[in-house]
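Visitor: Structure file coords_37.pdb (PDB, N, CA and C atoms) right here:
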ATOM      1  N   MET A  20       6.744 -34.635 -11.385
ATOM      2  CA  MET A  20       5.670 -34.249 -10.486
ATOM      3  C   MET A  20       6.251 -33.420  -9.345
ATOM      4  N   ILE A  21       5.544 -32.376  -8.957
ATOM      5  CA  ILE A  21       5.990 -31.474  -7.893
ATOM      6  C   ILE A  21       5.561 -32.031  -6.550
ATOM      7  N   ASP A  22       6.507 -32.053  -5.616
ATOM      8  CA  ASP A  22       6.213 -32.480  -4.253
ATOM      9  C   ASP A  22       5.685 -31.265  -3.492
ATOM     10  N   GLU A  23       4.350 -31.203  -3.296
ATOM     11  CA  GLU A  23       3.724 -30.048  -2.657
ATOM     12  C   GLU A  23       4.197 -29.841  -1.226
ATOM     13  N   SER A  24       4.599 -30.899  -0.553
ATOM     14  CA  SER A  24       5.058 -30.740   0.826
ATOM     15  C   SER A  24       6.320 -29.884   0.886
ATOM     16  N   LYS A  25       7.135 -29.929  -0.175
ATOM     17  CA  LYS A  25       8.335 -29.097  -0.200
ATOM     18  C   LYS A  25       7.976 -27.629  -0.431
ATOM     19  N   LEU A  26       6.902 -27.387  -1.171
ATOM     20  CA  LEU A  26       6.487 -26.012  -1.432
ATOM     21  C   LEU A  26       5.961 -25.327  -0.183
ATOM     22  N   THR A  27       5.291 -26.070   0.666
ATOM     23  CA  THR A  27       4.674 -25.483   1.853
ATOM     24  C   THR A  27       5.516 -25.663   3.113
ATOM     25  N   LYS A  28       6.624 -26.374   3.008
ATOM     26  CA  LYS A  28       7.471 -26.598   4.176
ATOM     27  C   LYS A  28       7.928 -25.261   4.761
ATOM     28  N   GLY A  29       7.728 -25.085   6.040
ATOM     29  CA  GLY A  29       8.150 -23.877   6.736
ATOM     30  C   GLY A  29       7.098 -22.783   6.764
ATOM     31  N   LEU A  30       6.069 -22.904   5.940
ATOM     32  CA  LEU A  30       5.050 -21.855   5.934
ATOM     33  C   LEU A  30       4.252 -21.831   7.224
ATOM     34  N   THR A  31       4.051 -22.979   7.841
ATOM     35  CA  THR A  31       3.288 -23.006   9.083
ATOM     36  C   THR A  31       4.101 -22.439  10.240
ATOM     37  N   ASP A  32       5.409 -22.313  10.054
ATOM     38  CA  ASP A  32       6.266 -21.761  11.097
ATOM     39  C   ASP A  32       6.398 -20.248  10.990
ATOM     40  N   ALA A  33       5.715 -19.654  10.005
ATOM     41  CA  ALA A  33       5.832 -18.213   9.788
ATOM     42  C   ALA A  33       5.309 -17.448  11.000
ATOM     43  N   PRO A  34       5.975 -16.340  11.353
ATOM     44  CA  PRO A  34       5.536 -15.548  12.500
ATOM     45  C   PRO A  34       4.246 -14.761  12.232
ATOM     46  N   VAL A  35       3.777 -14.747  10.988
ATOM     47  CA  VAL A  35       2.576 -14.010  10.609
ATOM     48  C   VAL A  35       1.535 -14.997  10.110
ATOM     49  N   THR A  36       0.314 -14.878  10.616
ATOM     50  CA  THR A  36      -0.746 -15.768  10.164
ATOM     51  C   THR A  36      -1.255 -15.305   8.796
ATOM     52  N   VAL A  37      -1.981 -16.181   8.110
ATOM     53  CA  VAL A  37      -2.552 -15.835   6.818
ATOM     54  C   VAL A  37      -3.513 -14.659   6.970
ATOM     55  N   GLU A  38      -4.303 -14.648   8.017
ATOM     56  CA  GLU A  38      -5.238 -13.550   8.256
ATOM     57  C   GLU A  38      -4.494 -12.236   8.489
ATOM     58  N   GLN A  39      -3.424 -12.280   9.267
ATOM     59  CA  GLN A  39      -2.631 -11.077   9.513
ATOM     60  C   GLN A  39      -2.013 -10.577   8.213
ATOM     61  N   LEU A  40      -1.543 -11.491   7.398
ATOM     62  CA  LEU A  40      -0.946 -11.127   6.124
ATOM     63  C   LEU A  40      -1.970 -10.463   5.216
ATOM     64  N   ALA A  41      -3.192 -10.974   5.229
ATOM     65  CA  ALA A  41      -4.259 -10.406   4.402
ATOM     66  C   ALA A  41      -4.580  -8.966   4.789
ATOM     67  N   HIS A  42      -4.383  -8.608   6.052
ATOM     68  CA  HIS A  42      -4.715  -7.257   6.515
ATOM     69  C   HIS A  42      -3.494  -6.357   6.670
ATOM     70  N   MET A  43      -2.330  -6.860   6.283
ATOM     71  CA  MET A  43      -1.121  -6.067   6.391
ATOM     72  C   MET A  43      -1.230  -4.849   5.472
ATOM     73  N   GLY A  44      -0.981  -3.714   5.985
ATOM     74  CA  GLY A  44      -1.035  -2.496   5.191
ATOM     75  C   GLY A  44      -2.356  -1.759   5.272
ATOM     76  N   ASP A  45      -3.351  -2.346   5.958
ATOM     77  CA  ASP A  45      -4.639  -1.662   6.089
ATOM     78  C   ASP A  45      -4.440  -0.280   6.699
ATOM     79  N   GLY A  46      -4.964   0.730   6.039
ATOM     80  CA  GLY A  46      -4.891   2.083   6.566
ATOM     81  C   GLY A  46      -3.533   2.723   6.470
ATOM     82  N   VAL A  47      -2.576   2.025   5.851
ATOM     83  CA  VAL A  47      -1.219   2.552   5.755
ATOM     84  C   VAL A  47      -0.725   2.556   4.305
ATOM     85  N   ILE A  48      -1.086   1.530   3.567
ATOM     86  CA  ILE A  48      -0.589   1.348   2.201
ATOM     87  C   ILE A  48      -1.743   1.474   1.210
ATOM     88  N   ALA A  49      -1.449   2.106   0.088
ATOM     89  CA  ALA A  49      -2.406   2.212  -1.006
ATOM     90  C   ALA A  49      -1.635   2.087  -2.314
ATOM     91  N   TYR A  50      -2.352   1.827  -3.377
ATOM     92  CA  TYR A  50      -1.690   1.785  -4.667
ATOM     93  C   TYR A  50      -2.528   2.494  -5.715
ATOM     94  N   VAL A  51      -1.834   2.984  -6.738
ATOM     95  CA  VAL A  51      -2.475   3.695  -7.834
ATOM     96  C   VAL A  51      -2.578   2.733  -9.008
ATOM     97  N   LYS A  52      -3.784   2.602  -9.506
ATOM     98  CA  LYS A  52      -4.026   1.677 -10.612
ATOM     99  C   LYS A  52      -4.513   2.462 -11.829
ATOM    100  N   PRO A  53      -3.746   2.413 -12.937
ATOM    101  CA  PRO A  53      -4.233   3.043 -14.152
ATOM    102  C   PRO A  53      -5.340   2.177 -14.758
ATOM    103  N   LEU A  54      -6.385   2.807 -15.266
ATOM    104  CA  LEU A  54      -7.472   2.058 -15.877
ATOM    105  C   LEU A  54      -8.239   2.941 -16.840
ATOM    106  N   LEU A  55      -8.958   2.309 -17.731
ATOM    107  CA  LEU A  55      -9.807   3.039 -18.662
ATOM    108  C   LEU A  55     -11.141   3.346 -18.007
ATOM    109  N   SER A  56     -11.796   4.381 -18.497
ATOM    110  CA  SER A  56     -13.052   4.831 -17.889
ATOM    111  C   SER A  56     -14.097   3.723 -17.833
ATOM    112  N   GLU A  57     -14.175   2.863 -18.842
ATOM    113  CA  GLU A  57     -15.163   1.788 -18.806
ATOM    114  C   GLU A  57     -14.868   0.773 -17.694
ATOM    115  N   ASP A  58     -13.589   0.596 -17.333
ATOM    116  CA  ASP A  58     -13.226  -0.281 -16.217
ATOM    117  C   ASP A  58     -13.454   0.408 -14.875
ATOM    118  N   ALA A  59     -13.365   1.722 -14.858
ATOM    119  CA  ALA A  59     -13.575   2.484 -13.628
ATOM    120  C   ALA A  59     -14.992   2.304 -13.108
ATOM    121  N   ARG A  60     -15.931   2.111 -14.003
ATOM    122  CA  ARG A  60     -17.337   1.942 -13.594
ATOM    123  C   ARG A  60     -17.536   0.695 -12.740
ATOM    124  N   LYS A  61     -16.665  -0.302 -12.917
ATOM    125  CA  LYS A  61     -16.754  -1.527 -12.106
ATOM    126  C   LYS A  61     -16.348  -1.245 -10.663
ATOM    127  N   LEU A  62     -15.336  -0.421 -10.477
ATOM    128  CA  LEU A  62     -14.860  -0.076  -9.130
ATOM    129  C   LEU A  62     -15.677   1.043  -8.496
ATOM    130  N   PHE A  63     -16.169   1.949  -9.323
ATOM    131  CA  PHE A  63     -16.902   3.116  -8.854
ATOM    132  C   PHE A  63     -18.250   3.169  -9.565
ATOM    133  N   PRO A  64     -19.202   2.321  -9.179
ATOM    134  CA  PRO A  64     -20.491   2.267  -9.890
ATOM    135  C   PRO A  64     -21.281   3.575  -9.827
ATOM    136  N   GLN A  65     -20.988   4.435  -8.870
ATOM    137  CA  GLN A  65     -21.692   5.701  -8.739
ATOM    138  C   GLN A  65     -21.267   6.709  -9.803
ATOM    139  N   VAL A  66     -20.164   6.451 -10.491
ATOM    140  CA  VAL A  66     -19.672   7.357 -11.521
ATOM    141  C   VAL A  66     -20.496   7.164 -12.790
ATOM    142  N   GLN A  67     -21.079   8.232 -13.256
ATOM    143  CA  GLN A  67     -21.922   8.201 -14.463
ATOM    144  C   GLN A  67     -21.456   9.275 -15.438
ATOM    145  N   GLY A  68     -21.688   9.039 -16.711
ATOM    146  CA  GLY A  68     -21.457  10.059 -17.718
ATOM    147  C   GLY A  68     -20.026  10.250 -18.167
ATOM    148  N   ILE A  69     -19.106   9.368 -17.775
ATOM    149  CA  ILE A  69     -17.732   9.491 -18.244
ATOM    150  C   ILE A  69     -17.628   8.787 -19.597
ATOM    151  N   PRO A  70     -17.119   9.467 -20.613
ATOM    152  CA  PRO A  70     -16.987   8.840 -21.927
ATOM    153  C   PRO A  70     -16.034   7.643 -21.884
ATOM    154  N   ALA A  71     -16.284   6.670 -22.727
ATOM    155  CA  ALA A  71     -15.419   5.487 -22.818
ATOM    156  C   ALA A  71     -14.061   5.870 -23.406
ATOM    157  N   GLY A  72     -13.035   5.126 -23.021
ATOM    158  CA  GLY A  72     -11.707   5.292 -23.591
ATOM    159  C   GLY A  72     -10.810   6.303 -22.907
ATOM    160  N   LEU A  73     -11.258   6.920 -21.826
ATOM    161  CA  LEU A  73     -10.417   7.878 -21.102
ATOM    162  C   LEU A  73      -9.461   7.147 -20.168
ATOM    163  N   GLN A  74      -8.222   7.618 -20.100
ATOM    164  CA  GLN A  74      -7.245   7.073 -19.157
ATOM    165  C   GLN A  74      -7.479   7.720 -17.799
ATOM    166  N   LEU A  75      -7.774   6.912 -16.786
ATOM    167  CA  LEU A  75      -8.005   7.391 -15.428
ATOM    168  C   LEU A  75      -7.081   6.662 -14.468
ATOM    169  N   PHE A  76      -7.096   7.105 -13.218
ATOM    170  CA  PHE A  76      -6.272   6.498 -12.182
ATOM    171  C   PHE A  76      -7.113   6.336 -10.926
ATOM    172  N   ALA A  77      -7.079   5.138 -10.370
ATOM    173  CA  ALA A  77      -7.808   4.857  -9.133
ATOM    174  C   ALA A  77      -6.805   4.701  -7.998
ATOM    175  N   LEU A  78      -7.122   5.288  -6.869
ATOM    176  CA  LEU A  78      -6.356   5.059  -5.649
ATOM    177  C   LEU A  78      -7.100   3.984  -4.890
ATOM    178  N   LEU A  79      -6.410   2.882  -4.602
ATOM    179  CA  LEU A  79      -7.019   1.729  -3.949
ATOM    180  C   LEU A  79      -6.300   1.404  -2.653
ATOM    181  N   SER A  80      -7.048   0.918  -1.674
ATOM    182  CA  SER A  80      -6.446   0.512  -0.400
ATOM    183  C   SER A  80      -5.613  -0.750  -0.612
ATOM    184  N   ALA A  81      -4.861  -1.130   0.398
ATOM    185  CA  ALA A  81      -4.050  -2.343   0.321
ATOM    186  C   ALA A  81      -4.907  -3.566   0.011
ATOM    187  N   GLU A  82      -6.151  -3.549   0.448
ATOM    188  CA  GLU A  82      -7.067  -4.665   0.179
ATOM    189  C   GLU A  82      -7.750  -4.556  -1.174
ATOM    190  N   GLY A  83      -7.556  -3.439  -1.871
ATOM    191  CA  GLY A  83      -8.158  -3.251  -3.178
ATOM    192  C   GLY A  83      -9.451  -2.476  -3.168
ATOM    193  N   ASP A  84      -9.818  -1.935  -2.014
ATOM    194  CA  ASP A  84     -11.040  -1.126  -1.932
ATOM    195  C   ASP A  84     -10.803   0.232  -2.580
ATOM    196  N   PRO A  85     -11.738   0.703  -3.407
ATOM    197  CA  PRO A  85     -11.557   1.996  -4.065
ATOM    198  C   PRO A  85     -11.622   3.161  -3.088
ATOM    199  N   ILE A  86     -10.701   4.098  -3.245
ATOM    200  CA  ILE A  86     -10.653   5.292  -2.408
ATOM    201  C   ILE A  86     -11.040   6.515  -3.227
ATOM    202  N   MET A  87     -10.419   6.681  -4.390
ATOM    203  CA  MET A  87     -10.736   7.837  -5.233
ATOM    204  C   MET A  87     -10.425   7.529  -6.681
ATOM    205  N   LEU A  88     -11.020   8.325  -7.560
ATOM    206  CA  LEU A  88     -10.818   8.217  -9.003
ATOM    207  C   LEU A  88     -10.442   9.594  -9.521
ATOM    208  N   THR A  89      -9.424   9.656 -10.372
ATOM    209  CA  THR A  89      -8.954  10.931 -10.896
ATOM    210  C   THR A  89      -8.419  10.753 -12.306
ATOM    211  N   ASP A  90      -8.148  11.870 -12.969
ATOM    212  CA  ASP A  90      -7.609  11.795 -14.322
ATOM    213  C   ASP A  90      -6.092  11.952 -14.358
ATOM    214  N   SER A  91      -5.443  12.032 -13.192
ATOM    215  CA  SER A  91      -3.978  12.113 -13.181
ATOM    216  C   SER A  91      -3.392  11.272 -12.053
ATOM    217  N   ARG A  92      -2.283  10.652 -12.364
ATOM    218  CA  ARG A  92      -1.582   9.834 -11.364
ATOM    219  C   ARG A  92      -1.113  10.720 -10.212
ATOM    220  N   GLU A  93      -0.653  11.911 -10.546
ATOM    221  CA  GLU A  93      -0.142  12.836  -9.536
ATOM    222  C   GLU A  93      -1.211  13.190  -8.513
ATOM    223  N   ALA A  94      -2.439  13.393  -8.959
ATOM    224  CA  ALA A  94      -3.534  13.714  -8.030
ATOM    225  C   ALA A  94      -3.822  12.531  -7.107
ATOM    226  N   ALA A  95      -3.757  11.312  -7.632
ATOM    227  CA  ALA A  95      -3.993  10.127  -6.803
ATOM    228  C   ALA A  95      -2.910   9.992  -5.734
ATOM    229  N   VAL A  96      -1.659  10.201  -6.124
ATOM    230  CA  VAL A  96      -0.548  10.111  -5.167
ATOM    231  C   VAL A  96      -0.655  11.228  -4.130
ATOM    232  N   ALA A  97      -0.999  12.424  -4.556
ATOM    233  CA  ALA A  97      -1.150  13.552  -3.621
ATOM    234  C   ALA A  97      -2.252  13.261  -2.607
ATOM    235  N   ASN A  98      -3.349  12.660  -3.054
ATOM    236  CA  ASN A  98      -4.436  12.314  -2.145
ATOM    237  C   ASN A  98      -3.974  11.270  -1.139
ATOM    238  N   ALA A  99      -3.195  10.316  -1.592
ATOM    239  CA  ALA A  99      -2.661   9.300  -0.675
ATOM    240  C   ALA A  99      -1.787   9.950   0.385
ATOM    241  N   TRP A 100      -0.895  10.831  -0.036
ATOM    242  CA  TRP A 100      -0.009  11.516   0.910
ATOM    243  C   TRP A 100      -0.805  12.358   1.894
ATOM    244  N   GLU A 101      -1.832  13.021   1.382
ATOM    245  CA  GLU A 101      -2.673  13.859   2.240
ATOM    246  C   GLU A 101      -3.326  13.045   3.359
ATOM    247  N   HIS A 102      -3.621  11.806   3.065
ATOM    248  CA  HIS A 102      -4.248  10.921   4.052
ATOM    249  C   HIS A 102      -3.250   9.982   4.724
ATOM    250  N   LYS A 103      -1.962  10.339   4.591
ATOM    251  CA  LYS A 103      -0.876   9.607   5.241
ATOM    252  C   LYS A 103      -0.831   8.137   4.817
ATOM    253  N   LEU A 104      -1.079   7.898   3.544
ATOM    254  CA  LEU A 104      -0.982   6.557   2.974
ATOM    255  C   LEU A 104       0.304   6.461   2.160
ATOM    256  N   GLN A 105       1.011   5.384   2.309
ATOM    257  CA  GLN A 105       2.219   5.137   1.535
ATOM    258  C   GLN A 105       1.817   4.424   0.257
ATOM    259  N   THR A 106       2.191   4.985  -0.890
ATOM    260  CA  THR A 106       1.855   4.341  -2.155
ATOM    261  C   THR A 106       2.940   3.344  -2.541
ATOM    262  N   VAL A 107       2.517   2.243  -3.124
ATOM    263  CA  VAL A 107       3.440   1.211  -3.602
ATOM    264  C   VAL A 107       3.124   0.927  -5.056
ATOM    265  N   SER A 108       4.108   0.409  -5.762
ATOM    266  CA  SER A 108       3.929   0.043  -7.165
ATOM    267  C   SER A 108       3.615  -1.438  -7.274
ATOM    268  N   LEU A 109       2.775  -1.749  -8.237
ATOM    269  CA  LEU A 109       2.459  -3.145  -8.546
ATOM    270  C   LEU A 109       3.044  -3.462  -9.910
ATOM    271  N   HIS A 110       3.573  -4.653 -10.043
ATOM    272  CA  HIS A 110       4.150  -5.049 -11.330
ATOM    273  C   HIS A 110       3.468  -6.282 -11.846
TER     274      HIS A 110
END
Could you quickly redo this structure as structure tokens?

Guide:
Amino acid sequence: MIDESKLTKGLTDAPVTVEQLAHMGDGVIAYVKPLLSEDARKLFPQVQGIPAGLQLFALLSAEGDPIMLTDSREAAVANAWEHKLQTVSLH
């Protein structure tokens, strides 16, 4: 059995609150997410008429809010740079 108190020990002493951590990177960090056109409709409901099965790329804020949708990763990264956003990779 895992002792949960050992897992959380020291977390309350962190110099950053949970709320601050949740907003870290706002307006500064973005990420590029590859997705299929049918999944893009979930993030960008205003997008209509895109055929299913296309590889697209979404630029998302640090919080996961959609910023733009494009058909190339390079265009998404260029848009981030244009708006002074640092892109990070997710694994």

Visitor: Identify all residues satisfying the PyMOL selection byres ((chain A and resi 88-92) around 8) in the given file; provide them as a count of residues only.

Guide: 21

Visitor: Could you tell me how far atom N of A:Ala71 sits from atom N of A:Ser56, in Å to one decimal place?

Guide: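 Distance reported for this atom pair: 6.6 Å.
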
Visitor: To one decimal place, how far is atom C of A:Tyr50 from atom C of A:Lys103 in Å?

Guide: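 According to the coordinates, atom C of A:Tyr50 and atom C of A:Lys103 are separated by 12.1 Å.
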
Visitor: Considering only strand (DSSP E) as DSSP defines it on the backbone, what residues of stretch 55-97 of chain A qualify? List them as an mmCIF file with N, CA and C atoms, in the coordinates of the input.

Guide:
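Done, and the output landed in out-v2.cif:
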data_model
loop_
_atom_site.group_PDB
_atom_site.id
_atom_site.type_symbol
_atom_site.label_atom_id
_atom_site.label_comp_id
_atom_site.auth_asym_id
_atom_site.auth_seq_id
_atom_site.Cartn_x
_atom_site.Cartn_y
_atom_site.Cartn_z
ATOM 1 N N LEU A 55 -8.958 2.309 -17.731
ATOM 2 C CA LEU A 55 -9.807 3.039 -18.662
ATOM 3 C C LEU A 55 -11.141 3.346 -18.007
ATOM 4 N N GLN A 74 -8.222 7.618 -20.100
ATOM 5 C CA GLN A 74 -7.245 7.073 -19.157
ATOM 6 C C GLN A 74 -7.479 7.720 -17.799
ATOM 7 N N LEU A 75 -7.774 6.912 -16.786
ATOM 8 C CA LEU A 75 -8.005 7.391 -15.428
ATOM 9 C C LEU A 75 -7.081 6.662 -14.468
ATOM 10 N N PHE A 76 -7.096 7.105 -13.218
ATOM 11 C CA PHE A 76 -6.272 6.498 -12.182
ATOM 12 C C PHE A 76 -7.113 6.336 -10.926
ATOM 13 N N ALA A 77 -7.079 5.138 -10.370
ATOM 14 C CA ALA A 77 -7.808 4.857 -9.133
ATOM 15 C C ALA A 77 -6.805 4.701 -7.998
ATOM 16 N N LEU A 78 -7.122 5.288 -6.869
ATOM 17 C CA LEU A 78 -6.356 5.059 -5.649
ATOM 18 C C LEU A 78 -7.100 3.984 -4.890
ATOM 19 N N LEU A 79 -6.410 2.882 -4.602
ATOM 20 C CA LEU A 79 -7.019 1.729 -3.949
ATOM 21 C C LEU A 79 -6.300 1.404 -2.653
ATOM 22 N N SER A 80 -7.048 0.918 -1.674
ATOM 23 C CA SER A 80 -6.446 0.512 -0.400
ATOM 24 C C SER A 80 -5.613 -0.750 -0.612
ATOM 25 N N PRO A 85 -11.738 0.703 -3.407
ATOM 26 C CA PRO A 85 -11.557 1.996 -4.065
ATOM 27 C C PRO A 85 -11.622 3.161 -3.088
ATOM 28 N N ILE A 86 -10.701 4.098 -3.245
ATOM 29 C CA ILE A 86 -10.653 5.292 -2.408
ATOM 30 C C ILE A 86 -11.040 6.515 -3.227
ATOM 31 N N MET A 87 -10.419 6.681 -4.390
ATOM 32 C CA MET A 87 -10.736 7.837 -5.233
ATOM 33 C C MET A 87 -10.425 7.529 -6.681
ATOM 34 N N LEU A 88 -11.020 8.325 -7.560
ATOM 35 C CA LEU A 88 -10.818 8.217 -9.003
ATOM 36 C C LEU A 88 -10.442 9.594 -9.521
ATOM 37 N N THR A 89 -9.424 9.656 -10.372
ATOM 38 C CA THR A 89 -8.954 10.931 -10.896
ATOM 39 C C THR A 89 -8.419 10.753 -12.306
#

Visitor: Find the residue from A:Gln67, A:Arg60, A:Ala49, A:Pro34 that sits nearest to A:His102; use only C-alpha atoms when measuring.

Guide: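 Among the listed residues, A:Ala49 lies closest to A:His102.
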
Visitor: Expressed in Å to a single decimal, how great is the separation between atom N of A:Glu101 and atom C of A:Ser80?

Guide: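 Atom-to-atom, atom N of A:Glu101 and atom C of A:Ser80 are spaced 14.4 Å apart.
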
Visitor: Once you add 4 Å to each side, what are the centre and edge lengths of the axis-aligned box holding all listed atoms of stretch 80-89 of chain A? One decimal in Å, as AutoDock Vina command-line options, if you can.

Guide:
--center_x -7.9 --center_y 3.1 --center_z -5.9 --size_x 15.7 --size_y 23.6 --size_z 20.8
